[in-house]
Each structure stands twice: as structure tokens, then as C-alpha cells.
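Undergrad: One structure coming up, written as C-alpha cells, with questions to follow.
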Amino acid sequence: MQGVVIKSSGSVYAVRATDGAVVDCRVKGNFRLKGIKSTNPVAVGDVVEFDVRADGTAYIVDIMERKNYIVRKASNLSKQSHILAANLDLCFLVVTISHPATSTTFIDRFLASAEAYRVPVVLVFNKADIYTPDEAAEMQYLVALYESIGYRCLVTSAETGEGIDALKEAMRGKVSLLAGNSGVGKSSLVNAVAPQLAAKVGEISKIHDTGMHTTTYSEMFEFMPGSYIVDTPGVKGFGSYAMEAKEIPHYFVEFFALSGGCKYGNCTHTHEPGCAVLAALNEGKIAPSRYQSYLSMLEDKEEGKYRTSE
């Protein structure tokens with residue numbers, strides 16, 4: 001039988017079969033994805049084949065080829081990844097200027113990872129109702145920055161309803177992933193877009209200003225006909241999985257657009273004469289924050305390790 005994984009709790013996977021029935025499945029201990037060092041062999045959004053045994057237990061026996069997926073660093077194994085979701089039409093990266101603050105390094109690492117795995121991203125600047133004038137100005141600067149390099153940005157507030165209709169319309173007819181740091185309001189946005197789902201909403205930690213993990217597993221919800229939300233745990237950082245250092249500039253879209261003007265075909269955009277990217281940086285045509293994020297990803301590759309950006 002075939003179906004789509006709609007919930008992952010670590011050991012049991014809820015699969016929605018083609019006939020609409022939801023079947024709890026397990027995977028065998030030796031089931032592993034070929035060529036992917038991942039802590040979870042099956043992800044929400046995967047199209048799978050499963051068998052139901054005579055005693056009623058069901059096992060996933062195969063995964064169909066994925067069109068894309070999004071990954072993050074595994075929480076306990078620095079050299080492995082964790083697949084957040086697969087076969088996505090859109091990913092909505094929810095960010096906040098404060099309470100908690102989402103760093104531009106985190107945003108840029110996420111965008112580069114999404115580019116690498118062919119996942120379109122929309123940036124959602126949430127909690128617009130709580131910002132000071134300076135914070136609101138910073139938000140507008142970041143919106144202008146990311147829109148200028150081709151990313152759609154939405155400004156939202158689950159409290160006031162600002163931007164909720166636009167967010168809901170962007171999700172219509174799609175499989176959408178909501179991602180972001182803990183505490184940025186992903187579950188609140190899910191409630192605002194689809195109150196019938198009654199997603200759990202966590203309180204912001206007043207001590208660390210980071211947010212408690214209210215979502216402990218990934219789950220896909222249908223909230224309009226043919227429209228699905230994948231809600232995931234909050235994440236702290238993204239590495240450069242399966243990327244060679246020479247590939248990283250390909251995933252910074254404005255760098256890639258300029259790289260044809262570099263003097264050398266193997267330009268690293270760090271020191272070479274005749275580098276079009278460095279020239280654009282010096283002329284103020286590339287944001288310094290984007291360039292610093294790029295250097296931080298190169299440093300990961302040079303040191304052979306991953307660093308989080310919180």
C-alpha cells in the first residue's frame with residue numbers, strides 16, 4: 001500500500017493511505033536512506049510504501065523519490081542531519097526582531113540550505129505588533145533587503161491579525177512548512193490561519209527569552225481542501241550539509257547572479273582580484289550581513305565542523 005507520512009514521533013509514523021485511512025507504521029532497524037546521513041530515515045511529507053501484517057502491525061518498506069526536503073543539524077550528533085520535512089511546495093521561515101531575536105546569520109543559513117535542497121522560501125516577520133520604533137525600522141530594513149534579492153516577505157501578527165489573510169492565501173493548495181527558532185510564534189500563526197487545529201501555544205521564557213519547545217514532533221495538518229501545514233519543533237541552527245565550499249556561493253542568490261563577472265571561474269569571493277562580488281560589497285550593493293553569513297559557512301567547511309547561529 002502507498003501513502004503520505006503525516007506525523008513523526010520518532011519511532012511511529014502516521015501514514016495517510018490513498019484511501020484516506022491513517023495507519024500507524026514503524027520502520028525496521030536496518031532501514032536507512034541511501035546516501036543521506038540522517039537521524040530520521042522517514043520524514044513527514046514522504047510518500048511511502050507500507051505493508052500491514054496479519055497481526056495488524058504495519059511497516060514502511062520503501063520511500064518514493066523526494067522532490068526536495070529541508071534539513072537541520074541533528075540535536076545530538078554534529079555530523080548528522082535531521083530531515084524536517086520532504087516534498088514541500090513552500091517553506092515559511094518565521095522570524096522575529098525581538099522576543100526572541102532571530103539573527104541574520106540564522107536566516108541566511110536557512111535560505112542557503114533551502115536553495116541547496118530546492119525548497120522555495122517565504123520569510124514571515126512575525127510579532128509586528130510588539131516592536132519599538134527602532135525594531136520596526138530594523139524589520140522594514142530586513143524586508144527591503146530580502147525582497148531586493150528575490151525572497152517574498154510577509155509581515156504578520158497573530159495577535160492583531162495583520163498579514164494573516166495573505167499568509168493563508170499563500171498556503172492555499174500547497175504543502176507548506178512552518179520553521180523558525182523556538183518562540184517566534186509558529187504555533188500562534190497556525191492557530192490564526194487555522195483555528196480549528198488548536199495547535200499548542202507556548203509561553204515565551206522570560207528568563208532566556210527563547211521560547212519553550214511546545215511542538216515535540218513534526219506533523220502535517222490539512223486545514224483547507226488540498227492545503228497542508230507542516231508544523232515542526234523550533235530549531236537553533238543550520239549547517240551546510242552535503243555542500244562543498246565551492247558550492248556555497250551558488251546558494252546565495254545575489255552572489256551567484258554576480259559571479260559571472262568574476263575574473264576567475266573558481267573565485268571564492270574572499271580575496272581574489274577582479275571579484276565581482278567583492279566589488280559589489282564595496283559599492284554597497286551586497287548587504288554586509290549576507291557576506292558575513294557567507295564567510296561563516298565557508299569557515300564551517302574549512303574547519304570541518306558545524307556552528308550554530310542563535
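Ligands are numbered from 1 in the order shown, chains are lettered A, B, ... in the order of the C-alpha cells, and residues start at 1 in each chain.
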Within 12 Å of stretch 38-53 of chain A, which residues of stretch 93-177 of chain A show up? Give each one with its shortest atom-to-atom distance in Å (one decimal) and the two atoms involved, counting only C-alpha atoms, rows by chain then rising residue number, as CSV.
TA:
residue,atom,partner,partner_atom,distance
A:Lys174,CA,A:Gly45,CA,11.9
A:Val175,CA,A:Gly45,CA,8.4
A:Ser176,CA,A:Gly45,CA,10.0
A:Leu177,CA,A:Gly45,CA,9.9
Undergrad: Write out as an MDAnalysis selection string all residues of stretch 121-161 of chain A that DSSP puts in helix (DSSP H, G or I) for this structure's backbone.
TA: chainID A and resid 128:130 133:148
Undergrad: Selected residues, N, CA and C atoms, written as a PDB file, in the first residue's frame, please.
TA:
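And here's part-v2.pdb as it stands now:
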ATOM      1  N   ALA A 128       4.672  41.697  14.662  1.00  0.00           N
ATOM      2  CA  ALA A 128       4.838  43.085  14.239  1.00  0.00           C
ATOM      3  C   ALA A 128       4.202  44.063  15.224  1.00  0.00           C
ATOM      4  N   ASP A 129       3.290  43.587  16.054  1.00  0.00           N
ATOM      5  CA  ASP A 129       2.570  44.490  16.962  1.00  0.00           C
ATOM      6  C   ASP A 129       3.360  44.865  18.202  1.00  0.00           C
ATOM      7  N   ILE A 130       4.482  44.186  18.481  1.00  0.00           N
ATOM      8  CA  ILE A 130       5.170  44.416  19.763  1.00  0.00           C
ATOM      9  C   ILE A 130       6.447  45.237  19.630  1.00  0.00           C
ATOM     10  N   PRO A 133       9.777  51.522  17.893  1.00  0.00           N
ATOM     11  CA  PRO A 133      10.040  52.184  16.609  1.00  0.00           C
ATOM     12  C   PRO A 133      11.367  51.760  15.980  1.00  0.00           C
ATOM     13  N   ASP A 134      12.414  51.610  16.779  1.00  0.00           N
ATOM     14  CA  ASP A 134      13.711  51.180  16.237  1.00  0.00           C
ATOM     15  C   ASP A 134      13.633  49.747  15.712  1.00  0.00           C
ATOM     16  N   GLU A 135      12.945  48.873  16.440  1.00  0.00           N
ATOM     17  CA  GLU A 135      12.804  47.492  15.995  1.00  0.00           C
ATOM     18  C   GLU A 135      11.951  47.407  14.735  1.00  0.00           C
ATOM     19  N   ALA A 136      10.913  48.220  14.659  1.00  0.00           N
ATOM     20  CA  ALA A 136      10.080  48.243  13.451  1.00  0.00           C
ATOM     21  C   ALA A 136      10.886  48.710  12.255  1.00  0.00           C
ATOM     22  N   ALA A 137      11.779  49.678  12.468  1.00  0.00           N
ATOM     23  CA  ALA A 137      12.643  50.156  11.386  1.00  0.00           C
ATOM     24  C   ALA A 137      13.605  49.068  10.938  1.00  0.00           C
ATOM     25  N   GLU A 138      14.127  48.304  11.902  1.00  0.00           N
ATOM     26  CA  GLU A 138      15.012  47.189  11.553  1.00  0.00           C
ATOM     27  C   GLU A 138      14.262  46.141  10.745  1.00  0.00           C
ATOM     28  N   MET A 139      13.025  45.866  11.135  1.00  0.00           N
ATOM     29  CA  MET A 139      12.219  44.909  10.384  1.00  0.00           C
ATOM     30  C   MET A 139      12.016  45.376   8.945  1.00  0.00           C
ATOM     31  N   GLN A 140      11.683  46.643   8.764  1.00  0.00           N
ATOM     32  CA  GLN A 140      11.460  47.153   7.411  1.00  0.00           C
ATOM     33  C   GLN A 140      12.739  47.111   6.583  1.00  0.00           C
ATOM     34  N   TYR A 141      13.883  47.357   7.232  1.00  0.00           N
ATOM     35  CA  TYR A 141      15.167  47.239   6.523  1.00  0.00           C
ATOM     36  C   TYR A 141      15.381  45.807   6.039  1.00  0.00           C
ATOM     37  N   LEU A 142      15.120  44.824   6.907  1.00  0.00           N
ATOM     38  CA  LEU A 142      15.325  43.427   6.518  1.00  0.00           C
ATOM     39  C   LEU A 142      14.332  42.989   5.446  1.00  0.00           C
ATOM     40  N   VAL A 143      13.099  43.458   5.545  1.00  0.00           N
ATOM     41  CA  VAL A 143      12.118  43.157   4.500  1.00  0.00           C
ATOM     42  C   VAL A 143      12.617  43.677   3.159  1.00  0.00           C
ATOM     43  N   ALA A 144      13.090  44.924   3.144  1.00  0.00           N
ATOM     44  CA  ALA A 144      13.601  45.512   1.899  1.00  0.00           C
ATOM     45  C   ALA A 144      14.818  44.754   1.388  1.00  0.00           C
ATOM     46  N   LEU A 145      15.703  44.347   2.298  1.00  0.00           N
ATOM     47  CA  LEU A 145      16.905  43.608   1.915  1.00  0.00           C
ATOM     48  C   LEU A 145      16.543  42.296   1.239  1.00  0.00           C
ATOM     49  N   TYR A 146      15.710  41.486   1.883  1.00  0.00           N
ATOM     50  CA  TYR A 146      15.430  40.157   1.336  1.00  0.00           C
ATOM     51  C   TYR A 146      14.520  40.219   0.109  1.00  0.00           C
ATOM     52  N   GLU A 147      13.637  41.194   0.062  1.00  0.00           N
ATOM     53  CA  GLU A 147      12.835  41.356  -1.155  1.00  0.00           C
ATOM     54  C   GLU A 147      13.711  41.774  -2.325  1.00  0.00           C
ATOM     55  N   SER A 148      14.757  42.552  -2.053  1.00  0.00           N
ATOM     56  CA  SER A 148      15.630  43.027  -3.138  1.00  0.00           C
ATOM     57  C   SER A 148      16.416  41.896  -3.788  1.00  0.00           C
TER      58      SER A 148
END
Undergrad: Find the residues around A:Val155 up to 12 Å (only C-alpha atoms counted), leave out those fewer than 3 positions away in its own chain, and share them as a VMD selection string.
TA: chain A and resid 92 to 97 122 to 129 136 139 to 140 142 to 144 152 158 160 to 167 189
Undergrad: For A:Gly150, which residue among A:Ala54, A:Ile6, A:Leu111, A:Val23 is the nearest when counting only C-alpha atoms?
TA: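 Answer, going by the shortest atom-to-atom distance: A:Leu111.
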Undergrad: Might you pull out every residue within 9 Å of A:Asp231, with only C-alpha atoms counted and same-chain residues fewer than 3 positions away left off, and present them as a PyMOL selection string?
TA: chain A and resi 176-179+186-187+190+215+217-221
Undergrad: Pull N, CA and C atoms from the residues just selected and write them as a PDB file, in the first residue's frame.
TA:
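Final file, result_30.pdb:
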ATOM      1  N   SER A 176       2.933  23.243   2.960  1.00  0.00           N
ATOM      2  CA  SER A 176       3.768  24.323   3.479  1.00  0.00           C
ATOM      3  C   SER A 176       4.393  23.931   4.811  1.00  0.00           C
ATOM      4  N   LEU A 177       5.660  24.236   4.960  1.00  0.00           N
ATOM      5  CA  LEU A 177       6.368  24.018   6.216  1.00  0.00           C
ATOM      6  C   LEU A 177       6.518  25.347   6.946  1.00  0.00           C
ATOM      7  N   LEU A 178       6.194  25.361   8.244  1.00  0.00           N
ATOM      8  CA  LEU A 178       6.497  26.493   9.103  1.00  0.00           C
ATOM      9  C   LEU A 178       7.732  26.142   9.915  1.00  0.00           C
ATOM     10  N   ALA A 179       8.764  26.971   9.800  1.00  0.00           N
ATOM     11  CA  ALA A 179      10.014  26.709  10.512  1.00  0.00           C
ATOM     12  C   ALA A 179      10.477  27.989  11.183  1.00  0.00           C
ATOM     13  N   LYS A 186       5.322  30.292  15.733  1.00  0.00           N
ATOM     14  CA  LYS A 186       4.834  29.404  14.671  1.00  0.00           C
ATOM     15  C   LYS A 186       3.461  28.827  15.026  1.00  0.00           C
ATOM     16  N   SER A 187       3.334  28.303  16.239  1.00  0.00           N
ATOM     17  CA  SER A 187       2.069  27.689  16.637  1.00  0.00           C
ATOM     18  C   SER A 187       0.950  28.732  16.705  1.00  0.00           C
ATOM     19  N   VAL A 190      -0.197  29.185  13.230  1.00  0.00           N
ATOM     20  CA  VAL A 190      -1.034  28.052  12.826  1.00  0.00           C
ATOM     21  C   VAL A 190      -2.457  28.251  13.363  1.00  0.00           C
ATOM     22  N   THR A 215       6.157  22.174  20.461  1.00  0.00           N
ATOM     23  CA  THR A 215       5.924  21.164  19.434  1.00  0.00           C
ATOM     24  C   THR A 215       7.048  20.145  19.529  1.00  0.00           C
ATOM     25  N   TYR A 217       7.147  17.102  17.901  1.00  0.00           N
ATOM     26  CA  TYR A 217       7.288  16.237  16.733  1.00  0.00           C
ATOM     27  C   TYR A 217       6.781  17.004  15.524  1.00  0.00           C
ATOM     28  N   SER A 218       7.109  16.519  14.344  1.00  0.00           N
ATOM     29  CA  SER A 218       6.604  17.128  13.119  1.00  0.00           C
ATOM     30  C   SER A 218       5.266  16.505  12.761  1.00  0.00           C
ATOM     31  N   GLU A 219       4.357  17.343  12.289  1.00  0.00           N
ATOM     32  CA  GLU A 219       3.039  16.835  11.922  1.00  0.00           C
ATOM     33  C   GLU A 219       2.465  17.668  10.786  1.00  0.00           C
ATOM     34  N   MET A 220       1.760  16.998   9.863  1.00  0.00           N
ATOM     35  CA  MET A 220       1.115  17.652   8.740  1.00  0.00           C
ATOM     36  C   MET A 220      -0.387  17.719   8.983  1.00  0.00           C
ATOM     37  N   PHE A 221      -0.936  18.937   8.847  1.00  0.00           N
ATOM     38  CA  PHE A 221      -2.362  19.143   9.054  1.00  0.00           C
ATOM     39  C   PHE A 221      -3.001  19.632   7.751  1.00  0.00           C
TER      40      PHE A 221
END
Undergrad: Would you pick out the contacts of A:Val15 at 7 Å or less, using only C-alpha atoms, so that residues sharing its chain but fewer than 6 positions from it are not included, and give the list as a PyMOL selection string?
TA: chain A and resi 3-6+22-25
Undergrad: Which residues of stretch 73-157 of chain A come within 8 Å of stretch 249-267 of chain A, and what is each one's closest atom pair and distance in Å (one decimal), counting only C-alpha atoms, sorted by chain and residue number, as a Markdown table?
TA:
| residue | atom | partner | partner_atom | distance |
| --- | --- | --- | --- | --- |
| A:Leu111 | CA | A:Tyr251 | CA | 7.8 |
| A:Ala112 | CA | A:Tyr251 | CA | 4.8 |
| A:Ser113 | CA | A:Tyr251 | CA | 7.5 |
| A:Glu115 | CA | A:Tyr251 | CA | 5.5 |
| A:Ala116 | CA | A:Tyr251 | CA | 6.2 |
| A:Ile149 | CA | A:Glu254 | CA | 6.1 |
Undergrad: Please produce a file of the residues just selected, as an mmCIF file, in the first residue's frame, where the atoms kept are C-alpha atoms.
TA:
data_model
loop_
_atom_site.group_PDB
_atom_site.id
_atom_site.type_symbol
_atom_site.label_atom_id
_atom_site.label_comp_id
_atom_site.auth_asym_id
_atom_site.auth_seq_id
_atom_site.Cartn_x
_atom_site.Cartn_y
_atom_site.Cartn_z
ATOM 1 C CA LEU A 111 17.932 30.249 2.954
ATOM 2 C CA ALA A 112 21.159 28.724 1.630
ATOM 3 C CA SER A 113 20.125 25.270 2.854
ATOM 4 C CA GLU A 115 18.297 26.752 -2.036
ATOM 5 C CA ALA A 116 20.548 23.689 -1.915
ATOM 6 C CA ILE A 149 17.327 39.649 -3.673
#
Undergrad: Take atom CA of A:Gly185 and atom CA of A:Ala86 and report the distance between them in Å, one decimal.
TA: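 Computed distance, atom CA of A:Gly185 to atom CA of A:Ala86, equals 22.2 Å.
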Undergrad: Nearest to A:Gln196: which of A:Ala114, A:Met224, A:Ala170, A:Val71 is it, counting only C-alpha atoms?
TA: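 Distance minimum relative to A:Gln196 lands on A:Met224.
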Undergrad: For atom CA of A:Leu84 and atom CA of A:Ile70, quote the distance in Å rounded to one decimal.
TA: 5.7 Å
Undergrad: Please measure the separation of atom CA of A:Ser103 and atom CA of A:Ala287, giving the value in Å to one decimal.
TA: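 One can read the atom CA of A:Ser103 to atom CA of A:Ala287 distance as 14.1 Å.
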Undergrad: Return the single residue from A:Asp89, A:Glu244, A:Glu169, A:Asp108 that is closest to A:Ser293, with distances computed using only C-alpha atoms.
TA: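 Of A:Asp89, A:Glu244, A:Glu169, A:Asp108, the one nearest A:Ser293, counting only C-alpha atoms, is A:Asp108.
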Undergrad: Please return, as JSON, numbers by chain, all residues of stretch 18-237 of chain A that DSSP assigns to strand (DSSP E or B) on the basis of the backbone.
TA: {"A": [22, 23, 24, 25, 26, 38, 47, 48, 49, 50, 51, 52, 58, 59, 60, 61, 62, 63, 69, 70, 71, 72, 73, 81, 82, 83, 84, 85, 86, 90, 91, 92, 93, 94, 95, 121, 122, 123, 124, 125, 152, 153, 154, 155, 175, 176, 177, 178, 179, 218, 219, 220, 221, 222, 223, 224, 227, 228, 229, 230, 231]}
